[in-house]
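Student: The following file, target-v6.tsv, comprises TSV, C-alpha atoms:
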chain	number	residue	atom	x	y	z
A	1	MET	CA	-94.72	-211.81	158.32
A	2	GLY	CA	-97.74	-212.65	160.43
A	3	VAL	CA	-101.24	-213.59	159.33
A	4	ARG	CA	-102.18	-211.24	156.48
A	5	SER	CA	-105.65	-209.70	156.31
A	6	ASP	CA	-106.41	-211.50	153.03
A	7	GLN	CA	-105.76	-214.91	154.55
A	8	LEU	CA	-108.50	-217.28	155.61
A	9	ILE	CA	-109.49	-217.88	159.23
A	10	VAL	CA	-111.40	-221.11	159.82
A	11	VAL	CA	-113.85	-221.06	162.73
A	12	ILE	CA	-115.08	-224.44	163.97
A	13	GLU	CA	-117.94	-223.79	166.35
A	14	SER	CA	-121.16	-225.73	166.91
A	15	GLY	CA	-123.06	-223.15	168.98
A	16	PRO	CA	-124.93	-220.58	166.86
A	17	GLU	CA	-124.86	-218.02	169.66
A	18	ASP	CA	-121.13	-218.41	170.34
A	19	LEU	CA	-120.50	-218.26	166.61
A	20	SER	CA	-122.32	-214.97	166.17
A	21	ILE	CA	-120.50	-213.46	169.18
A	22	LEU	CA	-117.19	-214.51	167.64
A	23	VAL	CA	-117.91	-213.42	164.07
A	24	GLU	CA	-119.41	-210.09	165.15
A	25	GLY	CA	-116.51	-209.65	167.56
A	26	LEU	CA	-114.02	-210.11	164.72
A	27	GLN	CA	-115.85	-207.50	162.66
A	28	ALA	CA	-116.05	-205.07	165.57
A	29	ALA	CA	-112.32	-205.59	166.19
A	30	GLY	CA	-111.70	-204.49	162.62
A	31	VAL	CA	-110.57	-207.89	161.39
A	32	LYS	CA	-110.92	-208.03	157.60
A	33	ASN	CA	-109.91	-211.64	157.04
A	34	PRO	CA	-112.26	-213.94	155.17
A	35	VAL	CA	-113.85	-216.40	157.61
A	36	GLN	CA	-114.97	-219.93	156.76
A	37	HIS	CA	-117.23	-221.44	159.38
A	38	PHE	CA	-117.90	-225.09	160.11
A	39	GLY	CA	-120.59	-226.14	162.58
A	40	SER	CA	-119.20	-229.60	163.11
A	41	GLY	CA	-115.88	-231.37	163.35
A	42	LYS	CA	-116.82	-233.67	160.49
A	43	GLY	CA	-117.69	-230.70	158.26
A	44	ALA	CA	-114.29	-229.16	158.94
A	45	LEU	CA	-112.45	-232.45	158.38
A	46	ASP	CA	-114.22	-232.85	155.00
A	47	TYR	CA	-112.79	-229.46	154.06
A	48	PHE	CA	-109.26	-230.19	155.26
A	49	PHE	CA	-109.15	-233.62	153.69
A	50	ASN	CA	-110.98	-232.70	150.46
A	51	ARG	CA	-113.89	-235.03	151.09
A	52	GLY	CA	-117.70	-234.95	150.92
A	53	VAL	CA	-119.02	-231.68	149.48
A	54	TRP	CA	-115.43	-230.54	148.95
A	55	SER	CA	-114.27	-233.61	147.03
A	56	ASP	CA	-114.65	-231.88	143.66
A	57	ALA	CA	-113.15	-228.58	144.76
A	58	ARG	CA	-109.87	-228.01	142.93
A	59	SER	CA	-107.92	-225.85	145.30
A	60	LEU	CA	-109.25	-224.89	148.70
A	61	SER	CA	-107.72	-221.96	150.56
A	62	THR	CA	-105.50	-223.02	153.41
A	63	PRO	CA	-106.37	-221.17	156.61
A	64	ALA	CA	-103.67	-219.09	158.25
A	65	LEU	CA	-105.37	-219.60	161.61
A	66	ILE	CA	-107.95	-222.01	163.03
A	67	PHE	CA	-110.28	-221.15	165.91
A	68	LEU	CA	-111.46	-224.42	167.38
A	69	ASP	CA	-114.26	-224.89	169.89
A	70	LEU	CA	-113.34	-227.51	172.47
A	71	HIS	CA	-116.85	-228.94	172.66
A	72	LEU	CA	-118.18	-229.59	169.17
A	73	SER	CA	-121.58	-231.18	168.65
A	74	ASP	CA	-120.22	-234.25	166.92
A	75	MET	CA	-116.72	-234.70	168.32
A	76	ASP	CA	-114.35	-233.54	170.99
A	77	GLY	CA	-112.13	-230.65	169.89
A	78	ARG	CA	-109.16	-232.60	171.23
A	79	GLN	CA	-109.86	-235.40	168.76
A	80	PHE	CA	-109.93	-232.85	165.94
A	81	LEU	CA	-106.71	-231.24	167.17
A	82	SER	CA	-104.97	-234.59	167.29
A	83	LEU	CA	-106.01	-235.46	163.70
A	84	ILE	CA	-104.68	-232.15	162.34
A	85	ARG	CA	-101.43	-232.45	164.28
A	86	HIS	CA	-100.83	-235.93	162.93
A	87	THR	CA	-101.28	-234.84	159.31
A	88	SER	CA	-97.98	-233.64	157.89
A	89	LEU	CA	-99.50	-231.15	155.43
A	90	LEU	CA	-101.66	-229.51	158.12
A	91	LYS	CA	-99.66	-229.81	161.30
A	92	THR	CA	-98.06	-226.35	161.25
A	93	ILE	CA	-101.35	-224.40	160.92
A	94	PRO	CA	-101.73	-222.36	164.11
A	95	ILE	CA	-104.74	-223.50	166.15
A	96	VAL	CA	-106.27	-221.46	168.96
A	97	VAL	CA	-108.67	-223.50	171.08
A	98	PHE	CA	-111.70	-221.64	172.47
A	99	SER	CA	-113.67	-222.99	175.38
A	100	SER	CA	-116.37	-221.53	177.63
A	101	SER	CA	-114.90	-222.65	180.88
A	102	PRO	CA	-112.11	-225.09	180.36
A	103	THR	CA	-110.85	-226.99	183.34
A	104	GLN	CA	-107.11	-226.82	183.89
A	105	LYS	CA	-106.96	-230.46	182.81
A	106	GLU	CA	-108.66	-229.65	179.49
A	107	ALA	CA	-106.32	-226.73	178.86
A	108	ASN	CA	-103.28	-228.88	179.64
A	109	GLU	CA	-104.53	-231.59	177.27
A	110	CYS	CA	-104.98	-229.07	174.46
A	111	TYR	CA	-101.36	-227.94	174.84
A	112	ASP	CA	-100.27	-231.54	175.05
A	113	LEU	CA	-101.96	-232.29	171.71
A	114	GLY	CA	-100.32	-229.31	170.04
A	115	ALA	CA	-102.69	-226.35	170.38
A	116	ASN	CA	-100.78	-223.08	169.88
A	117	SER	CA	-102.90	-221.45	172.59
A	118	CYS	CA	-106.01	-222.02	174.64
A	119	VAL	CA	-108.39	-219.10	175.20
A	120	GLN	CA	-111.45	-218.72	177.38
A	121	LYS	CA	-114.46	-217.99	175.20
A	122	PRO	CA	-115.85	-214.52	175.86
A	123	ASP	CA	-119.45	-214.60	177.13
A	124	THR	CA	-120.65	-211.34	175.66
A	125	PRO	CA	-119.94	-209.31	172.52
A	126	ALA	CA	-118.53	-206.52	174.72
A	127	GLU	CA	-115.97	-208.88	176.26
A	128	CYS	CA	-115.17	-210.37	172.91
A	129	VAL	CA	-113.80	-207.30	171.14
A	130	PRO	CA	-110.76	-206.55	173.34
A	131	ILE	CA	-109.87	-210.24	173.48
A	132	LEU	CA	-110.08	-210.70	169.72
A	133	SER	CA	-108.22	-207.41	169.09
A	134	CYS	CA	-105.37	-208.55	171.28
A	135	LEU	CA	-105.39	-212.02	169.74
A	136	MET	CA	-105.39	-210.75	166.16
A	137	ASP	CA	-102.75	-208.07	166.92
A	138	TYR	CA	-100.54	-210.87	168.13
A	139	TRP	CA	-101.09	-213.28	165.23
A	140	SER	CA	-100.96	-210.58	162.55
A	141	GLN	CA	-98.39	-208.09	163.86
A	142	VAL	CA	-96.05	-209.88	166.24
A	143	ILE	CA	-95.45	-213.42	165.07
A	144	MET	CA	-94.01	-214.91	161.90
A	145	ALA	CA	-96.55	-217.32	160.41
A	146	PRO	CA	-95.72	-220.62	158.74
A	147	GLN	CA	-96.49	-220.87	155.03
A	148	VAL	CA	-98.95	-223.70	154.63
A	149	GLU	CA	-100.36	-225.06	151.40
A	150	MET	CA	-102.68	-227.96	152.02
A	151	SER	CA	-103.15	-229.07	148.43
A	152	ASP	CA	-99.86	-230.35	147.13
A	153	THR	CA	-100.81	-229.97	143.49
B	1	MET	CA	-106.72	-219.63	185.57
B	2	ARG	CA	-104.71	-217.04	183.67
B	3	MET	CA	-101.04	-216.62	184.46
B	4	THR	CA	-100.51	-215.82	188.09
B	5	PRO	CA	-97.70	-213.46	189.13
B	6	SER	CA	-95.87	-216.33	190.75
B	7	GLN	CA	-95.41	-218.34	187.55
B	8	PRO	CA	-91.94	-217.51	186.26
B	9	ILE	CA	-90.96	-216.93	182.66
B	10	LEU	CA	-87.92	-218.78	181.45
B	11	LEU	CA	-85.88	-216.65	179.06
B	12	ILE	CA	-83.22	-218.62	177.21
B	13	GLU	CA	-80.90	-215.99	175.78
B	14	ASP	CA	-77.12	-215.87	175.48
B	15	SER	CA	-76.76	-212.19	174.61
B	16	PRO	CA	-76.63	-209.95	177.73
B	17	GLU	CA	-77.88	-206.97	175.69
B	18	ASP	CA	-80.88	-208.86	174.28
B	19	TYR	CA	-81.65	-210.25	177.72
B	20	GLU	CA	-81.62	-206.74	179.26
B	21	THR	CA	-83.78	-205.31	176.48
B	22	THR	CA	-86.31	-208.13	176.74
B	23	VAL	CA	-86.60	-207.86	180.52
B	24	ARG	CA	-86.97	-204.07	180.40
B	25	SER	CA	-89.57	-204.25	177.64
B	26	LEU	CA	-91.62	-206.81	179.52
B	27	GLN	CA	-91.42	-204.87	182.78
B	28	LYS	CA	-92.36	-201.68	180.97
B	29	ALA	CA	-95.41	-203.54	179.64
B	30	GLY	CA	-96.42	-204.20	183.25
B	31	LEU	CA	-95.22	-207.76	183.67
B	32	LYS	CA	-94.89	-208.68	187.34
B	33	ASN	CA	-93.79	-212.29	186.99
B	34	PRO	CA	-90.22	-213.24	187.81
B	35	ILE	CA	-88.00	-213.75	184.78
B	36	ILE	CA	-85.41	-216.49	185.03
B	37	ARG	CA	-82.54	-216.48	182.58
B	38	CYS	CA	-80.67	-219.43	181.19
B	39	VAL	CA	-77.64	-218.46	179.13
B	40	ASP	CA	-77.50	-221.41	176.76
B	41	GLY	CA	-79.24	-224.62	175.74
B	42	GLU	CA	-77.48	-226.87	178.23
B	43	ASP	CA	-78.26	-224.49	181.07
B	44	ALA	CA	-81.92	-224.43	180.01
B	45	LEU	CA	-82.21	-228.21	179.80
B	46	ASP	CA	-80.53	-228.55	183.20
B	47	TYR	CA	-83.07	-226.09	184.60
B	48	LEU	CA	-86.08	-227.82	183.02
B	49	HIS	CA	-84.91	-231.29	184.05
B	50	LYS	CA	-83.94	-230.01	187.53
B	51	ARG	CA	-80.41	-231.35	187.32
B	52	GLY	CA	-76.87	-229.94	187.45
B	53	GLY	CA	-76.98	-226.77	189.55
B	54	TYR	CA	-80.80	-226.94	189.69
B	55	GLY	CA	-81.17	-230.16	191.66
B	56	ALA	CA	-82.11	-228.60	195.00
B	57	ALA	CA	-85.82	-228.63	195.85
B	58	GLY	CA	-87.52	-225.39	194.81
B	59	SER	CA	-84.51	-224.08	192.90
B	60	ALA	CA	-86.09	-224.50	189.48
B	61	PRO	CA	-89.81	-223.65	189.56
B	62	ARG	CA	-91.69	-224.76	186.47
B	63	PRO	CA	-92.05	-221.84	184.05
B	64	GLY	CA	-95.49	-220.72	182.80
B	65	ILE	CA	-93.96	-219.95	179.44
B	66	ILE	CA	-90.55	-220.22	177.75
B	67	LEU	CA	-89.00	-217.55	175.52
B	68	LEU	CA	-86.34	-219.22	173.42
B	69	ASP	CA	-83.57	-217.72	171.31
B	70	LEU	CA	-82.62	-220.02	168.43
B	71	ASN	CA	-78.96	-219.24	167.92
B	72	LEU	CA	-77.31	-220.34	171.13
B	73	PRO	CA	-73.76	-221.52	171.74
B	74	GLY	CA	-73.43	-225.28	172.27
B	75	THR	CA	-76.85	-226.94	172.36
B	76	ASP	CA	-78.79	-224.95	169.81
B	77	GLY	CA	-82.25	-223.46	170.40
B	78	ARG	CA	-83.70	-225.78	167.76
B	79	GLU	CA	-82.47	-228.81	169.74
B	80	VAL	CA	-83.80	-227.34	172.98
B	81	LEU	CA	-87.22	-226.85	171.36
B	82	GLU	CA	-87.32	-230.43	170.08
B	83	GLU	CA	-86.27	-231.84	173.41
B	84	ILE	CA	-88.96	-229.85	175.26
B	85	LYS	CA	-91.70	-230.83	172.80
B	86	GLN	CA	-90.73	-234.52	172.85
B	87	ASP	CA	-90.74	-234.73	176.62
B	88	PRO	CA	-94.21	-235.66	177.95
B	89	SER	CA	-93.61	-233.78	181.19
B	90	LEU	CA	-92.44	-230.56	179.50
B	91	LYS	CA	-94.29	-230.40	176.18
B	92	THR	CA	-97.34	-228.55	177.49
B	93	ILE	CA	-95.27	-225.47	178.42
B	94	PRO	CA	-95.77	-222.90	175.65
B	95	VAL	CA	-92.54	-222.08	173.85
B	96	VAL	CA	-92.30	-218.75	172.05
B	97	VAL	CA	-89.30	-218.63	169.75
B	98	LEU	CA	-87.67	-215.21	169.90
B	99	THR	CA	-84.95	-214.85	167.31
B	100	THR	CA	-83.24	-212.65	164.74
B	101	SER	CA	-83.71	-215.36	162.12
B	102	SER	CA	-86.37	-214.75	159.49
B	103	ASP	CA	-85.35	-217.84	157.54
B	104	GLN	CA	-88.56	-219.51	156.35
B	105	ARG	CA	-86.99	-222.93	156.99
B	106	ASP	CA	-86.51	-222.03	160.66
B	107	ILE	CA	-90.12	-220.81	160.89
B	108	GLU	CA	-91.52	-224.00	159.29
B	109	GLN	CA	-89.32	-226.29	161.31
B	110	CYS	CA	-90.10	-224.61	164.64
B	111	TYR	CA	-93.87	-224.84	164.10
B	112	ARG	CA	-93.48	-228.40	162.86
B	113	VAL	CA	-91.78	-229.58	166.04
B	114	GLY	CA	-94.28	-227.75	168.23
B	115	ALA	CA	-93.30	-224.12	168.84
B	116	ASN	CA	-96.38	-222.24	170.06
B	117	SER	CA	-95.31	-219.04	168.28
B	118	TYR	CA	-92.35	-217.70	166.37
B	119	ILE	CA	-91.34	-214.07	166.81
B	120	GLN	CA	-88.63	-212.35	164.82
B	121	LYS	CA	-86.99	-209.78	167.09
B	122	PRO	CA	-87.61	-206.36	165.57
B	123	VAL	CA	-84.25	-204.63	165.05
B	124	ASP	CA	-85.43	-201.19	166.19
B	125	LEU	CA	-85.94	-200.65	169.90
B	126	ASP	CA	-89.46	-199.17	169.60
B	127	GLY	CA	-90.58	-202.09	167.50
B	128	PHE	CA	-89.09	-204.52	169.98
B	129	VAL	CA	-90.75	-202.84	172.97
B	130	GLN	CA	-94.10	-202.89	171.17
B	131	SER	CA	-93.75	-206.54	170.18
B	132	MET	CA	-92.95	-207.55	173.76
B	133	ALA	CA	-95.93	-205.55	175.05
B	134	ARG	CA	-98.29	-207.30	172.63
B	135	MET	CA	-96.74	-210.66	173.40
B	136	LYS	CA	-97.20	-210.03	177.11
B	137	ASP	CA	-100.84	-208.93	176.63
B	138	TYR	CA	-101.63	-212.03	174.59
B	139	TRP	CA	-100.01	-214.70	176.74
B	140	PHE	CA	-100.71	-213.07	180.11
B	141	GLU	CA	-104.12	-211.45	179.65
B	142	VAL	CA	-105.92	-213.52	177.02
B	143	VAL	CA	-104.52	-217.02	177.01
B	144	ILE	CA	-105.11	-219.76	179.56
B	145	LEU	CA	-101.73	-221.24	180.28
B	146	PRO	CA	-101.14	-224.85	181.19
B	147	ARG	CA	-100.43	-225.54	184.80
B	148	GLN	CA	-99.40	-228.64	186.64
B	149	GLU	CA	-101.72	-229.57	189.42
B	150	VAL	CA	-99.87	-229.51	192.68
B	151	THR	CA	-99.63	-233.08	193.86
B	152	LYS	CA	-98.28	-233.84	197.26
Since I need it in another form, could you write the structure as structure tokens?
Tutor:
Amino acid sequence: MGVRSDQLIVVIESGPEDLSILVEGLQAAGVKNPVQHFGSGKGALDYFFNRGVWSDARSLSTPALIFLDLHLSDMDGRQFLSLIRHTSLLKTIPIVVFSSSPTQKEANECYDLGANSCVQKPDTPAECVPILSCLMDYWSQVIMAPQVEMSDT
Amino acid sequence: MRMTPSQPILLIEDSPEDYETTVRSLQKAGLKNPIIRCVDGEDALDYLHKRGGYGAAGSAPRPGIILLDLNLPGTDGREVLEEIKQDPSLKTIPVVVLTTSSDQRDIEQCYRVGANSYIQKPVDLDGFVQSMARMKDYWFEVVILPRQEVTK
């Protein structure tokens, strides 16, 4: 079974404009999944490693899919990718890297570090909908998703 | 920077019927890229490492993406996947596992060692054709694939 519509999608994106294009695009594409947004790499890492504001949270939902911006305000998306891929409990979570205009070198590096795919960020809401529809069709209807549980309690 | 029609797809599949069905489904979905078939794990590793029958210059162009069956005679698909993802020169090539297995252990293990996606082959033909069309749209229309810079 692929990503179910009740499963969490984590969006890590520092740009407010890009974020609203993405979130509105998901809605317009008919995606019903709950979305948790983080504006910084550190904010997302706190969530994944149960730290900071999340340190008291008992059981956090594990995302079925992560959308990661390559250029975060506080860290490079590649650094984030590498941390997740070196953490046994998190390493199977599918990660799709989004970037405005990645160079071929950047795209290659993302694959090298274990990104499941690398996607060019759509510039406008109109461009966004067909891209996100295709992407979500693939991850929800075509593939078999790993079962990930990030809290081992 | 999306897939160009010259980048071949490497399809590692021992079953002639499954190979035919996959090729037809992808062509029906509008795929123009050449599809290269390797019939088992050894053949695939020879191709990727440009050795054995693939030693001649230009005889084994680097694939843009690999479609990998898991249950292969001899060197198993799981071993092929691990070898690709542990090799610094090959690991960037996206590997889509395409298999009849729906065993959760296979799914976990494939993602753990670096499979980019895991697809269970739908048993009905319509379902299979539709899956291949969506797979083709995703990897060939939406995704930016890795590409080696040509160095001379």
Student: Per residue of stretch 9-70 of chain B within 12 Å of stretch 104-111 of chain B, note the shortest atom pair and the distance in Å to one decimal, counting all atoms listed in the file, and order the rows by chain and increasing residue number, as CSV.
Tutor:
residue,atom,partner,partner_atom,distance
B:Leu68,CA,B:Cys110,CA,11.0
B:Asp69,CA,B:Cys110,CA,11.6
B:Leu70,CA,B:Asp106,CA,8.9
Student: Return as a PyMOL selection string the residues belonging to chain A that are within 9 Å of chain B, counting all atoms listed in the file.
Tutor: chain A and resi 1+88+91-94+102-105+107-120+131-132+134-135+137-139+141-148
Student: When distances are computed from only C-alpha atoms, which of A:Thr124, A:Phe80, A:His86, A:Phe48 shows the smallest separation from A:Glu149?
Tutor: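 Closest to A:Glu149 of all the choices is A:Phe48.
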Student: So what do you get for atom CA of A:Asn50 versus atom CA of A:Ile84, distance-wise?
Tutor: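 Distance between the two atoms: 13.5 Å.
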Student: Produce the centre coordinates and the three edge lengths, each in Å to one decimal, of the box along x, y and z that contains all listed atoms of stretch 111-127 of chain A with 5 Å added on each side, as AutoDock Vina command-line options.
Tutor:
--center_x -110.5 --center_y -219.4 --center_z 173.6 --size_x 30.4 --size_y 35.8 --size_z 17.5
Student: Using only C-alpha atoms, which residues sit within 8 Å of stretch 5-11 of chain B once same-chain residues fewer than 5 positions away are excluded, as a PDB file with C-alpha atoms, keeping the file's coordinate frame?
Tutor:
ATOM      1  CA  TYR B  19     -81.650-210.250 177.720  1.00  0.00           C
ATOM      2  CA  LYS B  32     -94.890-208.680 187.340  1.00  0.00           C
ATOM      3  CA  ASN B  33     -93.790-212.290 186.990  1.00  0.00           C
ATOM      4  CA  PRO B  34     -90.220-213.240 187.810  1.00  0.00           C
ATOM      5  CA  ILE B  35     -88.000-213.750 184.780  1.00  0.00           C
ATOM      6  CA  ILE B  36     -85.410-216.490 185.030  1.00  0.00           C
ATOM      7  CA  ARG B  37     -82.540-216.480 182.580  1.00  0.00           C
ATOM      8  CA  CYS B  38     -80.670-219.430 181.190  1.00  0.00           C
ATOM      9  CA  PRO B  61     -89.810-223.650 189.560  1.00  0.00           C
ATOM     10  CA  ARG B  62     -91.690-224.760 186.470  1.00  0.00           C
ATOM     11  CA  PRO B  63     -92.050-221.840 184.050  1.00  0.00           C
ATOM     12  CA  GLY B  64     -95.490-220.720 182.800  1.00  0.00           C
ATOM     13  CA  ILE B  65     -93.960-219.950 179.440  1.00  0.00           C
ATOM     14  CA  ILE B  66     -90.550-220.220 177.750  1.00  0.00           C
ATOM     15  CA  LEU B  67     -89.000-217.550 175.520  1.00  0.00           C
ATOM     16  CA  LEU B  68     -86.340-219.220 173.420  1.00  0.00           C
TER      17      LEU B  68
END
Student: Just the number, please: distance in Å from atom CA of A:Pro16 to atom CA of A:Ala126, one decimal.
Tutor: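 Answer for the atom CA of A:Pro16 to atom CA of A:Ala126 separation: 17.3 Å.
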Student: Using all atoms listed in the file, pick whichever of B:Val123, B:Leu72, B:Leu48, B:Leu81 has the shortest atom-to-atom distance to B:Ala60.
Tutor: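 When distances to B:Ala60 are compared using all atoms listed in the file, the smallest one comes from B:Leu48.
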Student: Go ahead and compute the interatomic distance for atom CA of B:Ile12 and atom CA of B:Glu42, in Å to one decimal.
Tutor: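 Distance between the two atoms: 10.1 Å.
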Student: Between A:Leu68, A:Asp56, A:Leu45, A:Pro125, which has the minimum distance to A:Val11 (counting only C-alpha atoms)?
Tutor: A:Leu68
Student: Would you mind telling me which residue in B:Ser59, B:Ser15, B:Gln27, B:Thr75 lies nearest to B:Gly41 when using only C-alpha atoms?
Tutor: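 Using only C-alpha atoms, B:Gly41 sits closest to B:Thr75.
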Student: Write stretch 35-52 of chain B as a compact mmCIF listing (two decimals), in the coordinates of the input, completed to N, CA, C and O atoms.
Tutor:
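Result went into result-v7.txt, see below:
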# COMPACT_ATOMS: atom_id res chain seq x y z
N ILE B 35 -88.60 -213.26 186.02
CA ILE B 35 -88.00 -213.75 184.78
C ILE B 35 -86.70 -214.45 185.14
O ILE B 35 -85.83 -213.88 185.79
N ILE B 36 -86.61 -215.70 184.75
CA ILE B 36 -85.41 -216.49 185.03
C ILE B 36 -84.63 -216.62 183.74
O ILE B 36 -85.21 -216.90 182.69
N ARG B 37 -83.33 -216.39 183.80
CA ARG B 37 -82.54 -216.48 182.58
C ARG B 37 -81.67 -217.72 182.57
O ARG B 37 -81.02 -218.05 183.56
N CYS B 38 -81.68 -218.41 181.43
CA CYS B 38 -80.67 -219.43 181.19
C CYS B 38 -79.84 -218.94 180.01
O CYS B 38 -80.39 -218.41 179.04
N VAL B 39 -78.52 -219.10 180.10
CA VAL B 39 -77.64 -218.46 179.13
C VAL B 39 -77.36 -219.31 177.90
O VAL B 39 -76.86 -218.80 176.89
N ASP B 40 -77.65 -220.59 177.96
CA ASP B 40 -77.50 -221.41 176.76
C ASP B 40 -78.41 -222.63 176.85
O ASP B 40 -79.13 -222.82 177.83
N GLY B 41 -78.34 -223.47 175.83
CA GLY B 41 -79.24 -224.62 175.74
C GLY B 41 -79.03 -225.62 176.86
O GLY B 41 -79.99 -226.13 177.44
N GLU B 42 -77.77 -225.90 177.17
CA GLU B 42 -77.48 -226.87 178.23
C GLU B 42 -78.03 -226.39 179.57
O GLU B 42 -78.63 -227.15 180.33
N ASP B 43 -77.78 -225.10 179.83
CA ASP B 43 -78.26 -224.49 181.07
C ASP B 43 -79.79 -224.62 181.15
O ASP B 43 -80.35 -225.00 182.20
N ALA B 44 -80.45 -224.36 180.04
CA ALA B 44 -81.92 -224.43 180.01
C ALA B 44 -82.41 -225.85 180.26
O ALA B 44 -83.37 -226.07 181.02
N LEU B 45 -81.77 -226.82 179.62
CA LEU B 45 -82.21 -228.21 179.80
C LEU B 45 -81.92 -228.69 181.22
O LEU B 45 -82.72 -229.43 181.80
N ASP B 46 -80.80 -228.23 181.79
CA ASP B 46 -80.53 -228.55 183.20
C ASP B 46 -81.64 -227.98 184.08
O ASP B 46 -82.15 -228.65 184.99
N TYR B 47 -82.01 -226.73 183.81
CA TYR B 47 -83.07 -226.09 184.60
C TYR B 47 -84.38 -226.88 184.49
O TYR B 47 -85.00 -227.25 185.49
N LEU B 48 -84.78 -227.18 183.25
CA LEU B 48 -86.08 -227.82 183.02
C LEU B 48 -86.11 -229.25 183.57
O LEU B 48 -87.15 -229.72 184.03
N HIS B 49 -84.96 -229.92 183.51
CA HIS B 49 -84.91 -231.29 184.05
C HIS B 49 -84.48 -231.31 185.52
O HIS B 49 -84.27 -232.40 186.08
N LYS B 50 -84.33 -230.14 186.12
CA LYS B 50 -83.94 -230.01 187.53
C LYS B 50 -82.70 -230.85 187.85
O LYS B 50 -82.70 -231.73 188.71
N ARG B 51 -81.66 -230.61 187.09
CA ARG B 51 -80.41 -231.35 187.32
C ARG B 51 -79.25 -230.34 187.30
O ARG B 51 -79.47 -229.14 187.16
N GLY B 52 -78.02 -230.84 187.41
CA GLY B 52 -76.87 -229.94 187.45
C GLY B 52 -76.99 -229.03 188.66
O GLY B 52 -77.26 -229.49 189.77
